[in-house]
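Q: For reference, the file final-v5.csv (CSV, C-alpha atoms) is included below:
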```
chain,number,residue,atom,x,y,z
J,1,MET,CA,-52.6,21.5,56.3
J,2,LYS,CA,-49.4,21.1,54.3
J,3,LYS,CA,-47.9,24.2,52.9
J,4,GLU,CA,-48.6,23.2,49.3
J,5,THR,CA,-52.3,22.9,50.1
J,6,ALA,CA,-52.2,26.1,52.2
J,7,ILE,CA,-50.8,28.1,49.3
J,8,VAL,CA,-53.9,27.1,47.2
J,9,SER,CA,-56.5,27.4,50.0
J,10,VAL,CA,-55.7,30.5,52.1
J,11,GLY,CA,-57.4,33.8,51.6
J,12,ARG,CA,-60.4,32.3,49.8
J,13,ASP,CA,-63.2,33.3,52.1
J,14,LYS,CA,-66.3,33.8,50.0
J,15,LYS,CA,-66.8,37.1,51.7
J,16,TRP,CA,-63.9,38.4,49.6
J,17,THR,CA,-63.9,36.1,46.6
J,18,LYS,CA,-67.7,36.3,45.9
J,19,GLY,CA,-67.4,32.6,45.1
J,20,VAL,CA,-64.9,32.8,42.2
J,21,ILE,CA,-61.5,31.1,42.3
J,22,ASN,CA,-59.4,34.2,42.0
J,23,PRO,CA,-60.6,37.2,44.0
J,24,PRO,CA,-61.9,39.8,41.4
J,25,VAL,CA,-60.3,43.2,41.1
J,26,PHE,CA,-62.3,45.7,43.1
J,27,ARG,CA,-61.3,49.2,42.1
J,28,ALA,CA,-62.6,51.8,44.5
J,29,SER,CA,-61.7,55.0,46.3
J,30,THR,CA,-65.1,56.1,47.7
J,31,MET,CA,-67.6,53.7,49.3
J,32,VAL,CA,-71.2,55.2,49.6
J,33,PHE,CA,-73.7,54.4,52.3
J,34,ASP,CA,-77.5,54.6,52.4
J,35,THR,CA,-77.8,55.5,56.0
J,36,ILE,CA,-75.9,57.1,58.8
J,37,GLU,CA,-76.1,53.8,60.7
J,38,GLU,CA,-74.4,52.0,57.8
J,39,MET,CA,-71.6,54.6,57.7
J,40,ARG,CA,-71.1,54.4,61.5
J,41,PHE,CA,-70.9,50.6,61.3
J,42,ALA,CA,-68.3,50.7,58.5
J,43,THR,CA,-66.3,53.4,60.4
J,44,LYS,CA,-66.4,51.4,63.6
J,45,ASN,CA,-65.3,48.1,61.9
J,46,ARG,CA,-63.0,49.6,59.2
J,47,ALA,CA,-60.0,47.8,60.8
J,48,ASN,CA,-61.8,44.4,60.6
J,49,GLY,CA,-62.4,44.2,56.8
J,50,GLU,CA,-65.5,46.4,56.5
J,51,MET,CA,-65.6,48.5,53.3
J,52,PHE,CA,-64.8,52.0,54.5
J,53,TYR,CA,-62.5,54.0,52.1
J,54,GLY,CA,-60.2,52.9,49.3
J,55,ARG,CA,-57.0,53.5,51.2
J,56,ARG,CA,-58.1,50.9,53.7
J,57,GLY,CA,-58.5,48.4,50.8
J,58,GLY,CA,-61.3,46.3,49.4
J,59,PRO,CA,-62.1,42.6,48.9
J,60,THR,CA,-59.1,42.1,46.6
J,61,HIS,CA,-56.8,43.4,49.3
J,62,PHE,CA,-58.5,41.7,52.2
J,63,ALA,CA,-58.3,38.3,50.5
J,64,PHE,CA,-54.6,38.7,49.8
J,65,GLN,CA,-53.8,40.0,53.3
J,66,ALA,CA,-55.6,37.1,54.9
J,67,ALA,CA,-53.6,34.7,52.7
J,68,ILE,CA,-50.2,36.2,53.6
J,69,ALA,CA,-51.0,36.5,57.3
J,70,GLU,CA,-52.0,32.8,57.5
J,71,LEU,CA,-49.0,31.6,55.5
J,72,GLU,CA,-46.6,33.5,57.7
J,73,GLY,CA,-48.4,32.7,60.9
J,74,GLY,CA,-49.3,36.3,62.0
J,75,VAL,CA,-52.4,38.1,63.0
J,76,GLY,CA,-52.6,40.6,60.2
J,77,THR,CA,-50.8,41.9,57.1
J,78,ALA,CA,-50.4,45.4,55.9
J,79,LEU,CA,-49.7,46.2,52.2
J,80,TYR,CA,-47.2,48.6,50.7
J,81,PRO,CA,-46.2,49.8,47.2
J,82,SER,CA,-42.7,48.2,47.5
J,83,GLY,CA,-40.6,46.1,49.8
J,84,SER,CA,-38.6,49.2,50.8
J,85,ALA,CA,-41.9,50.9,51.7
J,86,ALA,CA,-42.8,48.0,54.0
J,87,ILE,CA,-39.4,48.3,55.8
J,88,SER,CA,-39.7,52.1,56.1
J,89,ALA,CA,-43.2,52.0,57.4
J,90,ALA,CA,-42.6,49.2,59.8
J,91,LEU,CA,-39.5,51.0,61.3
J,92,MET,CA,-41.2,54.4,61.4
J,93,SER,CA,-44.3,52.9,63.1
J,94,PHE,CA,-42.2,51.8,66.1
J,95,LEU,CA,-39.5,54.4,66.3
J,96,LYS,CA,-39.4,58.1,67.3
J,97,ALA,CA,-36.9,60.8,68.0
J,98,GLY,CA,-34.4,59.7,70.7
J,99,ASP,CA,-34.9,56.0,70.1
J,100,HIS,CA,-32.1,53.6,69.2
J,101,LEU,CA,-32.2,50.9,66.5
J,102,LEU,CA,-30.1,47.8,66.1
J,103,MET,CA,-29.7,47.0,62.4
J,104,VAL,CA,-27.9,44.0,61.0
J,105,ASP,CA,-24.7,44.9,59.1
J,106,SER,CA,-25.7,42.8,56.1
J,107,ALA,CA,-29.0,44.6,55.5
J,108,TYR,CA,-30.3,45.4,52.0
J,109,GLU,CA,-28.5,48.6,50.9
J,110,PRO,CA,-31.7,50.8,50.7
J,111,THR,CA,-32.5,49.8,54.3
J,112,ARG,CA,-29.0,51.0,55.4
J,113,ASP,CA,-29.6,54.3,53.5
J,114,LEU,CA,-32.9,54.8,55.2
J,115,CYS,CA,-31.1,54.5,58.6
J,116,ASN,CA,-28.2,56.7,57.7
J,117,LYS,CA,-30.1,59.4,55.9
J,118,LEU,CA,-33.8,59.6,56.9
J,119,LEU,CA,-33.9,58.1,60.4
J,120,ALA,CA,-30.8,59.9,61.5
J,121,GLY,CA,-32.4,63.2,60.5
J,122,TYR,CA,-35.4,62.3,62.7
J,123,GLY,CA,-33.2,61.8,65.7
J,124,ILE,CA,-33.1,58.0,65.6
J,125,GLU,CA,-29.7,56.5,66.2
J,126,THR,CA,-28.7,53.3,64.5
J,127,THR,CA,-26.0,50.8,65.6
J,128,TYR,CA,-25.0,48.1,63.1
J,129,TYR,CA,-24.2,44.6,64.4
J,130,ASP,CA,-22.5,41.5,63.1
J,131,PRO,CA,-25.2,39.2,61.6
J,132,MET,CA,-23.4,36.3,63.4
J,133,ILE,CA,-23.4,38.0,66.8
J,134,GLY,CA,-25.9,35.6,68.4
J,135,ALA,CA,-26.2,36.1,72.1
J,136,GLY,CA,-23.7,38.9,72.0
J,137,ILE,CA,-26.5,41.2,70.9
J,138,ALA,CA,-27.2,41.8,74.6
J,139,GLU,CA,-24.1,43.9,74.9
J,140,LEU,CA,-25.3,46.4,72.3
J,141,ILE,CA,-28.8,47.0,73.8
J,142,GLN,CA,-29.1,50.5,75.3
J,143,PRO,CA,-31.8,51.9,77.6
J,144,ASN,CA,-33.4,53.6,74.6
J,145,THR,CA,-33.1,50.7,72.2
J,146,LYS,CA,-36.6,49.9,70.8
J,147,VAL,CA,-36.2,47.8,67.6
J,148,LEU,CA,-33.9,44.9,66.6
J,149,PHE,CA,-33.9,44.4,62.8
J,150,LEU,CA,-32.9,41.2,61.2
J,151,GLU,CA,-32.4,40.1,57.6
J,152,SER,CA,-31.7,36.4,57.2
J,153,PRO,CA,-30.1,35.4,55.0
J,154,GLY,CA,-28.3,38.8,54.6
J,155,SER,CA,-28.3,40.8,51.4
J,156,ILE,CA,-25.6,39.8,48.9
J,157,THR,CA,-23.4,37.9,51.4
J,158,MET,CA,-26.1,35.5,52.6
J,159,GLU,CA,-25.3,35.2,56.3
J,160,VAL,CA,-28.0,33.2,58.1
J,161,GLN,CA,-28.8,34.6,61.6
J,162,ASP,CA,-29.7,32.8,64.8
J,163,VAL,CA,-33.1,34.2,64.9
J,164,PRO,CA,-34.6,32.4,67.9
J,165,THR,CA,-31.6,33.5,70.1
J,166,LEU,CA,-31.8,37.1,68.9
J,167,CYS,CA,-35.5,37.2,69.5
J,168,LYS,CA,-35.3,35.7,73.0
J,169,ILE,CA,-32.7,38.3,74.1
J,170,ALA,CA,-34.5,41.2,72.4
J,171,HIS,CA,-37.8,40.3,74.2
J,172,GLN,CA,-36.0,40.2,77.6
J,173,HIS,CA,-35.3,43.9,77.0
J,174,ASP,CA,-38.8,44.6,75.6
J,175,LEU,CA,-37.6,45.2,72.0
J,176,THR,CA,-39.7,44.8,68.9
J,177,VAL,CA,-38.1,42.3,66.5
J,178,MET,CA,-38.5,42.9,62.8
J,179,LEU,CA,-37.3,40.4,60.1
J,180,ASP,CA,-36.8,41.0,56.4
J,181,ASN,CA,-38.0,37.5,55.5
J,182,THR,CA,-38.1,37.9,51.7
J,183,TRP,CA,-35.5,35.1,50.9
J,184,ALA,CA,-37.6,32.5,52.7
J,185,SER,CA,-40.9,33.8,51.2
J,186,PRO,CA,-44.0,33.1,53.3
J,187,ILE,CA,-43.5,29.3,53.0
J,188,ASN,CA,-39.9,28.4,53.9
J,189,SER,CA,-39.7,29.6,57.5
J,190,ARG,CA,-42.0,30.2,60.4
J,191,PRO,CA,-40.9,33.6,61.7
J,192,PHE,CA,-43.5,34.0,64.5
J,193,ASP,CA,-42.6,30.5,65.8
J,194,MET,CA,-39.0,31.8,66.2
J,195,GLY,CA,-40.1,34.9,68.1
J,196,VAL,CA,-40.3,37.5,65.4
J,197,ASP,CA,-42.9,40.3,66.0
J,198,ILE,CA,-43.1,41.7,62.4
J,199,SER,CA,-42.2,39.7,59.3
J,200,ILE,CA,-41.5,41.8,56.1
J,201,GLN,CA,-41.7,40.6,52.5
J,202,ALA,CA,-40.7,42.3,49.3
J,203,ALA,CA,-43.6,40.7,47.5
J,204,THR,CA,-42.1,42.1,44.4
J,205,LYS,CA,-39.8,39.0,44.5
J,206,TYR,CA,-41.2,35.4,44.9
J,207,ILE,CA,-44.8,36.2,45.8
J,208,VAL,CA,-45.5,38.1,42.6
J,209,GLY,CA,-42.9,35.9,40.8
J,210,HIS,CA,-43.1,37.4,37.3
J,211,SER,CA,-41.0,40.6,37.6
J,212,ASP,CA,-44.0,42.9,36.8
J,213,VAL,CA,-45.3,44.3,40.1
J,214,MET,CA,-43.7,46.3,43.0
J,215,MET,CA,-45.2,45.4,46.4
J,216,GLY,CA,-44.3,44.9,50.0
J,217,THR,CA,-46.0,43.2,53.0
J,218,ALA,CA,-45.5,43.4,56.7
J,219,THR,CA,-47.2,40.8,58.9
J,220,ALA,CA,-47.4,41.3,62.7
J,221,ASN,CA,-48.3,39.3,65.7
J,222,GLU,CA,-51.2,40.3,67.9
J,223,LYS,CA,-49.2,42.6,70.2
J,224,HIS,CA,-47.9,44.7,67.3
J,225,TRP,CA,-50.6,44.5,64.7
J,226,GLU,CA,-52.8,47.4,65.6
J,227,GLN,CA,-49.9,49.8,65.9
J,228,LEU,CA,-48.4,48.7,62.6
J,229,ARG,CA,-51.8,48.8,60.8
J,230,GLU,CA,-52.8,52.3,62.1
J,231,ASN,CA,-49.5,54.0,61.7
J,232,SER,CA,-49.1,52.6,58.1
J,233,TYR,CA,-52.5,54.0,57.3
J,234,LEU,CA,-51.6,57.4,58.7
J,235,MET,CA,-48.5,57.4,56.5
J,236,GLY,CA,-50.8,56.9,53.5
J,237,GLN,CA,-49.5,53.5,52.6
J,238,CYS,CA,-51.8,51.7,50.1
J,239,THR,CA,-51.6,49.5,47.0
J,240,SER,CA,-53.4,49.2,43.7
J,241,PRO,CA,-56.0,46.4,43.5
J,242,ASP,CA,-54.7,45.5,40.1
J,243,ASP,CA,-51.3,44.9,41.6
J,244,VAL,CA,-52.7,43.0,44.5
J,245,TYR,CA,-54.6,40.8,42.0
J,246,LEU,CA,-51.4,39.9,40.3
J,247,ALA,CA,-49.7,39.2,43.6
J,248,SER,CA,-52.5,37.0,44.7
J,249,ARG,CA,-52.4,35.1,41.4
J,250,GLY,CA,-48.7,34.7,41.6
J,251,LEU,CA,-49.0,33.4,45.2
J,252,ARG,CA,-50.9,30.3,44.1
J,253,THR,CA,-47.9,28.9,42.2
J,254,LEU,CA,-45.3,29.9,44.8
J,255,GLY,CA,-44.8,26.3,46.0
J,256,VAL,CA,-44.0,24.8,42.6
J,257,ARG,CA,-41.9,27.7,41.5
J,258,MET,CA,-39.9,27.7,44.7
J,259,ALA,CA,-39.3,24.0,44.5
J,260,GLN,CA,-37.9,24.4,40.9
J,261,HIS,CA,-35.9,27.5,41.8
J,262,GLU,CA,-34.3,25.5,44.7
J,263,GLN,CA,-33.6,22.4,42.6
J,264,ASN,CA,-32.0,24.4,39.8
J,265,ALA,CA,-30.0,26.6,42.1
J,266,LEU,CA,-28.5,23.6,44.1
J,267,LYS,CA,-27.4,21.9,40.8
J,268,ILE,CA,-25.7,25.1,39.7
J,269,ALA,CA,-24.2,25.8,43.1
J,270,ASN,CA,-22.7,22.3,43.2
J,271,TRP,CA,-21.3,22.8,39.7
J,272,LEU,CA,-19.8,26.1,40.7
J,273,ALA,CA,-18.2,24.5,43.8
J,274,SER,CA,-16.2,22.2,41.5
J,275,ARG,CA,-14.8,25.1,39.5
J,276,PRO,CA,-11.1,25.8,40.2
J,277,GLU,CA,-11.8,29.6,40.0
J,278,VAL,CA,-14.3,29.5,42.9
J,279,ASP,CA,-13.2,30.2,46.4
J,280,HIS,CA,-16.5,29.2,48.1
J,281,ILE,CA,-20.3,29.2,47.7
J,282,ARG,CA,-22.5,31.6,49.7
J,283,HIS,CA,-25.6,29.5,49.6
J,284,PRO,CA,-27.3,28.8,53.0
J,285,ALA,CA,-27.6,25.1,52.1
J,286,PHE,CA,-23.8,24.9,51.9
J,287,GLU,CA,-21.5,24.5,54.9
J,288,THR,CA,-19.3,27.3,53.4
J,289,CYS,CA,-22.1,29.8,54.1
J,290,PRO,CA,-22.0,31.5,57.5
J,291,GLY,CA,-25.0,30.3,59.6
J,292,HIS,CA,-25.5,27.1,57.6
J,293,GLU,CA,-26.5,25.3,60.8
J,294,PHE,CA,-29.3,27.8,61.4
J,295,PHE,CA,-30.6,27.3,57.9
J,296,LYS,CA,-30.8,23.6,58.5
J,297,ARG,CA,-32.7,24.2,61.7
J,298,ASP,CA,-35.0,27.1,60.8
J,299,PHE,CA,-35.8,26.7,57.1
J,300,SER,CA,-37.9,24.2,55.3
J,301,GLY,CA,-36.4,25.0,51.9
J,302,ALA,CA,-34.3,27.3,49.8
J,303,ASN,CA,-34.8,29.3,46.6
J,304,GLY,CA,-32.8,30.5,43.5
J,305,LEU,CA,-30.8,33.3,45.0
J,306,PHE,CA,-27.2,32.8,46.2
J,307,SER,CA,-23.7,34.2,45.7
J,308,PHE,CA,-20.2,32.8,45.1
J,309,VAL,CA,-16.8,34.2,45.7
J,310,LEU,CA,-13.9,33.9,43.3
J,311,LYS,CA,-10.3,33.2,44.3
J,312,GLN,CA,-9.1,36.2,42.3
J,313,GLY,CA,-10.2,38.8,39.8
J,314,ASN,CA,-10.5,42.4,39.0
J,315,ILE,CA,-13.1,44.8,37.5
J,316,LYS,CA,-11.9,43.8,34.0
J,317,SER,CA,-12.2,40.1,34.5
J,318,VAL,CA,-15.5,40.2,36.4
J,319,THR,CA,-17.0,42.5,33.7
J,320,ALA,CA,-16.0,40.0,31.1
J,321,PHE,CA,-17.7,37.3,33.2
J,322,VAL,CA,-21.1,39.0,33.6
J,323,GLU,CA,-21.4,40.7,30.1
J,324,ASN,CA,-22.4,38.9,27.0
J,325,MET,CA,-24.3,36.1,28.8
J,326,ALA,CA,-26.8,34.2,26.7
J,327,HIS,CA,-29.4,33.4,29.3
J,328,PHE,CA,-28.4,35.3,32.5
J,329,LYS,CA,-29.4,39.0,32.4
J,330,MET,CA,-28.1,41.8,34.6
J,331,GLY,CA,-30.7,43.3,36.9
J,332,PHE,CA,-31.1,44.4,40.5
J,333,SER,CA,-34.1,42.4,41.5
J,334,TRP,CA,-34.8,38.7,41.8
J,335,GLY,CA,-37.6,36.2,42.4
J,336,GLY,CA,-38.9,36.1,38.9
J,337,TYR,CA,-38.9,33.2,36.5
J,338,GLU,CA,-35.7,34.5,34.7
J,339,SER,CA,-32.1,34.1,35.7
J,340,LEU,CA,-30.1,37.1,36.7
J,341,ILE,CA,-26.4,37.9,37.4
J,342,LEU,CA,-24.6,40.7,39.2
J,343,GLY,CA,-20.9,41.4,39.8
J,344,VAL,CA,-20.9,43.1,43.2
J,345,PHE,CA,-18.2,45.6,44.0
J,346,GLY,CA,-17.5,47.7,47.1
J,347,ILE,CA,-19.1,45.4,49.7
J,348,ASP,CA,-16.5,46.5,52.2
J,349,LYS,CA,-17.9,50.1,51.9
J,350,LEU,CA,-21.4,48.8,53.0
J,351,ARG,CA,-20.1,47.2,56.2
J,352,THR,CA,-19.2,48.9,59.4
J,353,ALA,CA,-19.6,46.2,62.1
J,354,THR,CA,-17.9,43.5,60.0
J,355,GLN,CA,-15.1,43.1,57.6
J,356,TRP,CA,-15.3,42.0,53.9
J,357,ASP,CA,-12.3,41.0,51.8
J,358,SER,CA,-12.9,42.8,48.5
J,359,SER,CA,-9.8,41.3,46.9
J,360,LYS,CA,-11.9,38.3,46.1
J,361,PRO,CA,-14.8,39.2,43.8
J,362,LEU,CA,-18.3,38.2,44.6
J,363,ILE,CA,-20.9,37.3,41.9
J,364,ARG,CA,-24.6,37.0,42.8
J,365,LEU,CA,-26.9,34.8,40.8
J,366,HIS,CA,-30.7,34.3,40.8
J,367,ILE,CA,-31.4,31.0,39.2
J,368,GLY,CA,-34.6,31.0,37.2
J,369,LEU,CA,-36.7,28.3,35.6
J,370,GLU,CA,-34.7,27.8,32.5
J,371,ASN,CA,-33.1,24.4,31.7
J,372,VAL,CA,-30.1,23.9,34.0
J,373,ASP,CA,-27.9,22.6,31.3
J,374,ASP,CA,-28.4,25.8,29.3
J,375,LEU,CA,-27.5,27.9,32.4
J,376,ILE,CA,-24.4,25.9,33.1
J,377,ALA,CA,-23.2,26.2,29.5
J,378,ASP,CA,-23.7,30.0,29.9
J,379,LEU,CA,-21.6,30.1,33.0
J,380,ASP,CA,-19.0,27.9,31.5
J,381,ALA,CA,-18.6,30.4,28.7
J,382,ALA,CA,-18.4,33.2,31.2
J,383,PHE,CA,-15.5,31.5,33.0
J,384,GLU,CA,-13.7,31.3,29.7
J,385,ARG,CA,-14.1,35.0,29.2
J,386,PHE,CA,-13.1,35.6,32.8
J,387,ASN,CA,-9.8,33.6,32.5
J,388,GLN,CA,-8.9,35.3,29.3
J,389,ALA,CA,-9.4,38.7,30.8
J,390,LEU,CA,-7.2,38.0,33.9
```
How does this structure look as structure tokens?
A:
Amino acid sequence: MKKETAIVSVGRDKKWTKGVINPPVFRASTMVFDTIEEMRFATKNRANGEMFYGRRGGPTHFAFQAAIAELEGGVGTALYPSGSAAISAALMSFLKAGDHLLMVDSAYEPTRDLCNKLLAGYGIETTYYDPMIGAGIAELIQPNTKVLFLESPGSITMEVQDVPTLCKIAHQHDLTVMLDNTWASPINSRPFDMGVDISIQAATKYIVGHSDVMMGTATANEKHWEQLRENSYLMGQCTSPDDVYLASRGLRTLGVRMAQHEQNALKIANWLASRPEVDHIRHPAFETCPGHEFFKRDFSGANGLFSFVLKQGNIKSVTAFVENMAHFKMGFSWGGYESLILGVFGIDKLRTATQWDSSKPLIRLHIGLENVDDLIADLDAAFERFNQAL
């Protein structure tokens, strides 16, 4: 089944949908039973989609979980109230005091804060590594290393990692490999085919697609599914059925939205590459992006998120660039239908295993579904403001 067909078809078992196209919203905290035998059956099979208690979910949740697990290629999917919650719960499900974590240096800033503030307080040590380390990761593995965490492409700076090589070496040392796979979404890479054990999505982004729901998913292979599922349940992780309904509804248009995001972003990235002010493009589909060769090998498509680096600039000129845009709005998320812009400062302060030249400003764009000509005109005016402010 091709991915465009799968997006429409998965998670539509009549057991959950009751025969309607979109799984209805089942709001429930308490399920009631007529007999002790019914209650015992539900308790025994609560991990297999039997209605048991609201925190375990209901048909709305089960349909969406089945869809994500099938699209990503895993055995089961756990749901969380945000992408950060999915990352936190996944890490805390497999780490304990005295353990060692290998975390990619280009990770999402809240992930880094989690390691430095919360996990450190629990006695879990973190070592950050260069996203482009490849086979060199073996030198950083310690006797107490338990988890290797990947994010590919990396946050802000977009480095694409050699995921199969990293997974192969990690498994030789019996490590659990987790991947923040949000950029690819569930359809533009096959994380489990590359050796990943747990694939994490900020469903807030492209799965929901409309900037109106916070949600995270973590999908696991057979070896890791039970531990992830049960520990996440013990931590009280659950989601609203109303939010799950919106995520499920957004999922069905993921394919066409991603294709248009990709097309628009590539046109704009190529236009930016021709600008004299631009040093280089940090888009995985461009040779100027570190790990471009891995993108060509491991991904079936791109999306609307990328960055570009300017040859020069300062806070004044970058501020002039990003303010007073007609169509691009300033905001911290991405993945919705709208275009967003961020001038990113202080990247060097968020790196410890790698170096970043902050003398060349970086601007991150999320290219939405607007007309590309309007967006290019908006950026052209921004460059005029930028040059005047230098």
Q: Identify which of the residues J:Phe328, J:Trp271, J:Phe321, J:Tyr233 lies closest to J:Leu79, counting only C-alpha atoms when measuring atom-to-atom distances.
A: J:Tyr233
Q: Under the rule that only C-alpha atoms are counted, which of J:Ala220, J:Val322, J:Leu114, J:Met31 is the nearest residue to J:Thr43?
A: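 That would be J:Met31, the residue with the smallest distance to J:Thr43.
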Q: For the interface of stretch 183-205 of chain J with stretch 238-252 of chain J (cut-off 12 Å, counting only C-alpha atoms), please tabulate each contacting residue of stretch 183-205 of chain J alongside its nearest pair of atoms and their separation in Å to one decimal, rows sorted by chain and increasing number, as JSON lines.
A:
```
{"residue": "J:Ser185", "atom": "CA", "partner": "J:Leu251", "partner_atom": "CA", "distance": 10.1}
{"residue": "J:Pro186", "atom": "CA", "partner": "J:Leu251", "partner_atom": "CA", "distance": 9.5}
{"residue": "J:Ile187", "atom": "CA", "partner": "J:Leu251", "partner_atom": "CA", "distance": 10.4}
{"residue": "J:Ala202", "atom": "CA", "partner": "J:Ala247", "partner_atom": "CA", "distance": 11.1}
{"residue": "J:Ala203", "atom": "CA", "partner": "J:Ala247", "partner_atom": "CA", "distance": 7.4}
{"residue": "J:Thr204", "atom": "CA", "partner": "J:Ala247", "partner_atom": "CA", "distance": 8.2}
{"residue": "J:Lys205", "atom": "CA", "partner": "J:Ala247", "partner_atom": "CA", "distance": 9.9}
```
Q: In Å, how far is it from atom CA of J:Arg55 to atom CA of J:Asn231?
A: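 Separating atom CA of J:Arg55 from atom CA of J:Asn231 is a distance of 12.9 Å.
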Q: Counting all atoms listed in the file, which residues of stretch 13-116 of chain J sit at most 12 Å from some atom of stretch 135-159 of chain J, and what is each one's closest atom pair with its distance in Å to one decimal, listed by chain and rising residue number, as CSV?
A:
```
residue,atom,partner,partner_atom,distance
J:Ile87,CA,J:Phe149,CA,9.7
J:Ser88,CA,J:Phe149,CA,11.7
J:Ala90,CA,J:Val147,CA,10.2
J:Leu91,CA,J:Val147,CA,7.8
J:Met92,CA,J:Val147,CA,10.3
J:Ser93,CA,J:Val147,CA,10.6
J:Phe94,CA,J:Val147,CA,7.4
J:Leu95,CA,J:Lys146,CA,7.0
J:Lys96,CA,J:Lys146,CA,9.3
J:Ala97,CA,J:Asn144,CA,10.4
J:Gly98,CA,J:Asn144,CA,7.3
J:Asp99,CA,J:Asn144,CA,5.3
J:His100,CA,J:Thr145,CA,4.3
J:Leu101,CA,J:Val147,CA,5.2
J:Leu102,CA,J:Leu148,CA,4.8
J:Met103,CA,J:Phe149,CA,5.0
J:Val104,CA,J:Leu150,CA,5.7
J:Asp105,CA,J:Gly154,CA,8.4
J:Ser106,CA,J:Gly154,CA,5.0
J:Ala107,CA,J:Ser155,CA,5.6
J:Tyr108,CA,J:Ser155,CA,5.1
J:Glu109,CA,J:Ser155,CA,7.8
J:Pro110,CA,J:Ser155,CA,10.6
J:Thr111,CA,J:Phe149,CA,10.2
J:Arg112,CA,J:Ser155,CA,11.0
J:Cys115,CA,J:Phe149,CA,11.3
```
Q: Which residues are close to J:Glu50, i.e. within 12 Å by all atoms listed in the file, leaving aside same-chain residues fewer than 5 positions away? Reply as a PDB file with C-alpha atoms, in the frame of the given file.
A:
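Result went into part_24.pdb, see below:
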```
ATOM      1  CA  LYS J  15     -66.800  37.100  51.700  1.00  0.00           C
ATOM      2  CA  TRP J  16     -63.900  38.400  49.600  1.00  0.00           C
ATOM      3  CA  MET J  31     -67.600  53.700  49.300  1.00  0.00           C
ATOM      4  CA  GLU J  38     -74.400  52.000  57.800  1.00  0.00           C
ATOM      5  CA  MET J  39     -71.600  54.600  57.700  1.00  0.00           C
ATOM      6  CA  ARG J  40     -71.100  54.400  61.500  1.00  0.00           C
ATOM      7  CA  PHE J  41     -70.900  50.600  61.300  1.00  0.00           C
ATOM      8  CA  ALA J  42     -68.300  50.700  58.500  1.00  0.00           C
ATOM      9  CA  THR J  43     -66.300  53.400  60.400  1.00  0.00           C
ATOM     10  CA  LYS J  44     -66.400  51.400  63.600  1.00  0.00           C
ATOM     11  CA  ASN J  45     -65.300  48.100  61.900  1.00  0.00           C
ATOM     12  CA  ARG J  56     -58.100  50.900  53.700  1.00  0.00           C
ATOM     13  CA  GLY J  57     -58.500  48.400  50.800  1.00  0.00           C
ATOM     14  CA  GLY J  58     -61.300  46.300  49.400  1.00  0.00           C
ATOM     15  CA  PRO J  59     -62.100  42.600  48.900  1.00  0.00           C
ATOM     16  CA  HIS J  61     -56.800  43.400  49.300  1.00  0.00           C
ATOM     17  CA  PHE J  62     -58.500  41.700  52.200  1.00  0.00           C
TER      18      PHE J  62
END
```
Q: Need the shell around J:Tyr337: protein/DNA/RNA residues with any atom at most 10 Å away, counting all atoms listed in the file. Skip same-chain ones fewer than 2 positions apart. Format as an NGL selection string?
A: :J and (205-206 or 209-211 or 257-258 or 260-261 or 304 or 334-335 or 339-340 or 366-370)
Q: Choose the residue, out of J:Ala86, J:Met194, J:Ile268, J:Leu379, that has the smallest atom-to-atom separation from J:Ala320; count only C-alpha atoms.
A: J:Leu379
Q: Could you state the separation of atom CA of J:Ala265 and atom CA of J:Val208 in Å, given to one decimal place?
A: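 Between atom CA of J:Ala265 and atom CA of J:Val208 the gap works out to 19.3 Å.
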Q: So how far away is atom CA of J:Gln263 from atom CA of J:Phe192, in Å?
A: 26.7 Å
Q: Smallest atom-to-atom distance to J:Ala389: which of J:Arg27, J:His173, J:Lys316, J:Lys117, using only C-alpha atoms?
A: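 Using only C-alpha atoms, J:Ala389 sits closest to J:Lys316.
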Q: Have a look at J:Leu71, J:Leu119, J:Ile281, J:Val196 and name the one nearest to J:Thr5; count all atoms listed in the file.
A: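 That would be J:Leu71, the residue with the smallest distance to J:Thr5.
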Q: Write out as a short mmCIF file (atom, residue, chain, number, x, y, z; two decimals) with C-alpha atoms, in the frame of the given file each polymer residue whose atoms come within 6 Å of stretch 305-308 of chain J, counting all atoms listed in the file; drop sequence neighbours fewer than 6 positions from it.
A:
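To be explicit, this is the file written out as around-v6.cif:
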```cif
data_model
loop_
_atom_site.label_atom_id
_atom_site.label_comp_id
_atom_site.auth_asym_id
_atom_site.auth_seq_id
_atom_site.Cartn_x
_atom_site.Cartn_y
_atom_site.Cartn_z
CA HIS J 280 -16.50 29.20 48.10
CA ILE J 281 -20.30 29.20 47.70
CA ARG J 282 -22.50 31.60 49.70
CA HIS J 283 -25.60 29.50 49.60
CA LEU J 362 -18.30 38.20 44.60
CA ILE J 363 -20.90 37.30 41.90
CA ARG J 364 -24.60 37.00 42.80
CA LEU J 365 -26.90 34.80 40.80
CA HIS J 366 -30.70 34.30 40.80
#
```
